[in-house]
$ cat upload_3.cif   # mmCIF, C-alpha atoms
data_final
#
loop_
_atom_site.label_atom_id
_atom_site.label_comp_id
_atom_site.auth_asym_id
_atom_site.auth_seq_id
_atom_site.Cartn_x
_atom_site.Cartn_y
_atom_site.Cartn_z
CA MET L 64 -7.25 -17.29 4.72
CA SER L 65 -7.94 -15.55 1.45
CA PRO L 66 -5.19 -13.51 -0.23
CA ILE L 67 -7.07 -10.24 0.13
CA GLN L 68 -7.68 -10.95 3.83
CA ALA L 69 -3.96 -11.64 4.25
CA ILE L 70 -3.20 -8.26 2.68
CA LYS L 71 -5.79 -6.55 4.86
CA ASP L 72 -4.31 -8.16 7.99
CA TRP L 73 -0.84 -6.92 6.98
CA TYR L 74 -2.23 -3.46 6.26
CA VAL L 75 -4.07 -3.05 9.58
CA SER L 76 -0.93 -4.13 11.45
CA LEU L 77 0.85 -1.02 10.17
CA ASP L 78 1.37 2.28 11.91
CA ASN L 79 -1.52 4.76 11.35
CA GLU L 80 0.71 7.09 9.35
CA LEU L 81 1.66 4.34 6.90
CA GLN L 82 -1.95 3.20 6.67
CA SER L 83 -2.96 6.75 5.72
CA ASP L 84 -0.20 7.05 3.11
CA ILE L 85 -1.05 3.72 1.52
CA ALA L 86 -4.81 4.25 1.59
CA TYR L 87 -4.65 7.76 0.18
CA MET L 88 -2.41 6.75 -2.72
CA PHE L 89 -4.26 3.50 -3.47
CA VAL L 90 -7.72 5.03 -3.28
CA SER L 91 -6.68 8.10 -5.28
CA LEU L 92 -4.54 6.51 -7.96
CA THR L 93 -5.79 2.93 -8.30
CA LEU L 94 -9.47 3.39 -7.54
CA GLY L 95 -9.64 6.93 -8.94
CA ASP L 96 -11.47 8.28 -5.87
CA ARG L 97 -9.66 11.59 -5.42
CA GLN L 98 -12.20 13.23 -3.14
CA PHE L 99 -11.10 11.31 -0.05
CA ALA L 100 -9.03 12.87 2.72
CA PRO L 101 -6.38 10.52 4.18
CA ALA L 102 -8.54 9.39 7.14
CA ALA L 103 -11.54 8.74 4.90
CA ALA L 104 -9.27 6.95 2.43
CA VAL L 105 -8.35 4.43 5.14
CA ARG L 106 -12.05 3.64 5.63
CA ARG L 107 -12.51 3.42 1.85
CA LEU L 108 -9.59 1.00 1.47
CA LEU L 109 -10.85 -1.20 4.31
CA GLN L 110 -14.24 -1.24 2.60
CA TRP L 111 -12.57 -2.22 -0.69
CA PHE L 112 -10.81 -5.13 1.05
CA ASP L 113 -14.11 -6.31 2.53
CA VAL L 114 -16.04 -6.09 -0.75
CA ARG L 115 -13.31 -7.93 -2.64
CA SER L 116 -13.16 -10.70 -0.05
CA GLU L 117 -16.88 -11.37 -0.54
CA GLY L 118 -16.44 -12.19 -4.23
CA THR L 119 -15.42 -15.39 -5.95
CA GLU L 120 -11.99 -16.90 -5.50
CA HIS L 121 -10.95 -15.36 -8.82
CA GLU L 122 -12.15 -11.91 -7.77
CA ASP L 123 -10.29 -12.24 -4.48
CA ALA L 124 -7.06 -13.31 -6.19
CA LEU L 125 -7.34 -10.59 -8.84
CA ALA L 126 -7.91 -7.99 -6.12
CA ALA L 127 -4.71 -9.23 -4.44
CA VAL L 128 -2.86 -8.88 -7.76
CA THR L 129 -4.27 -5.37 -8.21
CA PHE L 130 -3.26 -4.29 -4.73
CA ARG L 131 0.17 -5.92 -4.97
CA ALA L 132 0.95 -4.31 -8.33
CA SER L 133 -0.29 -0.86 -7.30
CA PHE L 134 1.36 -0.95 -3.91
CA GLU L 135 4.72 -2.05 -5.28
CA TYR L 136 4.60 0.48 -8.11
CA ILE L 137 3.86 3.33 -5.73
CA PHE L 138 5.80 2.35 -2.60
CA ALA L 139 8.56 -0.22 -3.29
CA GLU L 140 11.26 2.46 -3.31
CA ARG L 141 10.41 3.29 0.30
CA PHE L 142 11.72 -0.11 1.38
CA THR L 143 15.32 0.91 0.63
CA GLY L 144 17.59 3.69 1.78
CA ALA L 145 18.12 4.80 -1.82
CA GLY L 146 14.40 5.41 -2.21
CA TRP L 147 14.56 8.21 0.34
CA ILE L 148 17.28 10.26 -1.38
CA PHE L 149 14.87 12.09 -3.70
CA PRO L 150 12.33 13.05 -1.00
CA GLU L 151 15.08 14.20 1.34
CA GLN L 152 16.66 16.36 -1.35
CA THR L 153 13.26 17.77 -2.34
CA PHE L 154 12.48 18.79 1.24
CA LYS L 155 15.91 20.42 1.57
CA ASP L 156 15.41 22.30 -1.72
CA VAL L 157 12.02 23.60 -0.57
CA ILE L 158 13.49 24.79 2.73
CA ARG L 159 16.44 26.42 0.94
CA GLU L 160 14.12 28.21 -1.51
CA ALA L 161 12.00 29.42 1.39
CA ALA L 162 15.10 30.81 3.11
CA GLU L 163 15.86 32.67 -0.12
CA GLY L 164 12.35 34.14 -0.10
CA LYS L 165 11.07 32.21 -3.09
CA GLU L 166 7.57 30.80 -3.60
CA ALA L 167 8.38 27.56 -1.76
CA SER L 168 8.04 29.37 1.56
CA LYS L 169 4.33 28.48 1.60
CA ILE L 170 5.15 24.81 2.13
CA ALA L 171 8.47 25.17 3.94
CA THR L 172 6.96 24.43 7.35
CA SER L 173 5.55 21.13 6.09
CA ALA L 174 8.81 20.32 4.31
CA PHE L 175 10.78 20.98 7.49
CA ARG L 176 8.44 18.76 9.53
CA LEU L 177 8.67 15.99 6.93
CA LEU L 178 12.45 16.27 6.73
CA ARG L 179 12.73 16.03 10.50
CA SER L 180 10.51 12.93 10.59
CA LEU L 181 12.31 11.24 7.68
CA PRO L 182 14.56 8.91 9.74
CA ASP L 183 11.57 7.55 11.69
CA ARG L 184 9.46 7.17 8.54
CA ARG L 185 12.33 5.44 6.75
CA THR L 186 12.58 2.92 9.62
CA LYS L 187 8.81 2.27 9.59
CA TRP L 188 8.80 1.74 5.84
CA LYS L 189 11.79 -0.59 5.94
CA GLU L 190 10.02 -2.79 8.51
CA ALA L 191 6.75 -2.64 6.56
CA GLY L 192 8.68 -3.62 3.43
CA GLU L 193 10.26 -6.61 5.11
CA ASN L 194 6.83 -7.79 6.26
CA TRP L 195 5.34 -7.07 2.83
CA ASN L 196 8.04 -9.07 1.06
CA ALA L 197 7.46 -11.99 3.43
CA LEU L 198 3.72 -11.84 2.64
CA VAL L 199 4.36 -11.73 -1.09
CA ASN L 200 6.82 -14.62 -0.95
CA SER L 201 4.51 -16.81 1.11
CA THR L 202 0.95 -15.94 0.20
CA ILE L 203 0.41 -13.51 -2.65
CA ASN L 204 2.98 -14.35 -5.29
CA ASP L 205 1.54 -15.55 -8.61
CA ASP L 206 2.07 -19.25 -7.88
CA ALA L 207 0.51 -19.02 -4.40
CA LEU L 208 -2.48 -17.12 -5.80
CA ARG L 209 -3.01 -19.69 -8.55
CA GLN L 210 -2.80 -22.54 -6.05
CA TRP L 211 -5.20 -20.85 -3.61
CA THR L 212 -7.68 -20.11 -6.42
CA GLN L 213 -7.52 -23.70 -7.66
CA ASP L 214 -7.93 -25.09 -4.14
CA GLN L 215 -10.94 -22.86 -3.49
CA PHE L 216 -12.53 -23.74 -6.81
CA LEU L 217 -12.10 -27.46 -6.25
CA ALA L 218 -13.52 -27.18 -2.74
CA SER L 219 -16.59 -25.25 -3.92
CA ASP L 220 -19.84 -26.47 -5.41
CA TYR L 221 -18.52 -25.40 -8.83
CA GLY L 222 -15.60 -27.83 -8.84
CA PRO L 223 -15.64 -31.25 -10.45
CA ALA L 224 -18.55 -33.48 -9.48
CA GLN L 225 -17.82 -35.72 -6.52
CA ASP L 226 -18.89 -39.39 -6.72
#
$ encode --input "upload_3.cif" --output "structure tokens"
Amino acid sequence: MSPIQAIKDWYVSLDNELQSDIAYMFVSLTLGDRQFAPAAAVRRLLQWFDVRSEGTEHEDALAAVTFRASFEYIFAERFTGAGWIFPEQTFKDVIREAAEGKEASKIATSAFRLLRSLPDRRTKWKEAGENWNALVNSTINDDALRQWTQDQFLASDYGPAQD
């Protein structure tokens, strides 16, 4: 299985909410496509996986590196309890400001909903992180990607001539 297919398989195994979060951030920040709503971003990310898997072994491996680097930069803090301290405090601050009649009242309802769902989201992300780390350690670390690329190249018509 190609590295990008392994990432896609991990991604589609996730809860819909996590898929939306990941797709929206990846498509917006990494691909620069900011016009996508979260549901459309999921379709766009799946399309990106498919296009990348149709390329050469180097393109596939480099796509895996791109996804891995972007994903870890954006989301790695969500794998730990400490990574949720800032969002939790932010939601509480927004709710407090709304109670005081400040401008934050416009988003207080969303902040309250997000704060209430935080324990469940934290659990989902911790599990996703454990599965992600297992994938990285087994299939998409630098050494595994180099080995896969070399194996694919040698098995292709472009590898050394066979006698």
$ atom_distance --input "upload_3.cif" --atom1 "atom CA of Trp211 of chain L" --atom2 "atom CA of Ser116 of chain L"
13.4 Å
$ resolve_selection --input "upload_3.cif" --expression "the PyMOL selection byres ((chain L and resi 128-137) around 10)" --output "list in words"
Pro66, Ile67, Ile70, Ile85, Ala86, Met88, Phe89, Leu92, Thr93, Phe112, Glu122, Asp123, Ala124, Leu125, Ala126, Ala127, Phe138, Ala139, Glu140, Arg141, Phe142, Gly192, Trp195, Val199, Ile203, Asn204, Asp205 and Leu208 of chain L
$ residues_around --input "upload_3.cif" --residues "Thr153 of chain L" --least-positions-apart "5" --cutoff "9 Å" --atoms "all atoms listed in the file" --output "list of chain:residue names"
L:Ile148, L:Ile158, L:Ala174
$ atom_distance --input "upload_3.cif" --atom1 "atom CA of Gly164 of chain L" --atom2 "atom CA of Phe149 of chain L"
22.5 Å
$ closest_residue --input "upload_3.cif" --among "L:Arg185, L:Arg106, L:Lys71, L:Arg179" --to "Ser83 of chain L" --atoms "all atoms listed in the file"
L:Arg106
$ atom_distance --input "upload_3.cif" --atom1 "atom CA of Ile170 of chain L" --atom2 "atom CA of Val157 of chain L"
7.5 Å
$ closest_residue --input "upload_3.cif" --among "L:Asp96, L:Glu80, L:Asp214, L:Asp72" --to "Lys187 of chain L" --atoms "only C-alpha atoms"
L:Glu80
$ closest_residue --input "upload_3.cif" --among "L:Pro101, L:Pro150, L:Pro182, L:Gly118" --to "Asn79 of chain L" --atoms "only C-alpha atoms"
L:Pro101
$ closest_residue --input "upload_3.cif" --among "L:Ala102, L:Ser76, L:Phe154, L:Leu94" --to "Ser180 of chain L" --atoms "all atoms listed in the file"
L:Phe154
$ closest_residue --input "upload_3.cif" --among "L:Thr202, L:Thr143, L:Ser91, L:Gln68" --to "Trp188 of chain L" --atoms "only C-alpha atoms"
L:Thr143
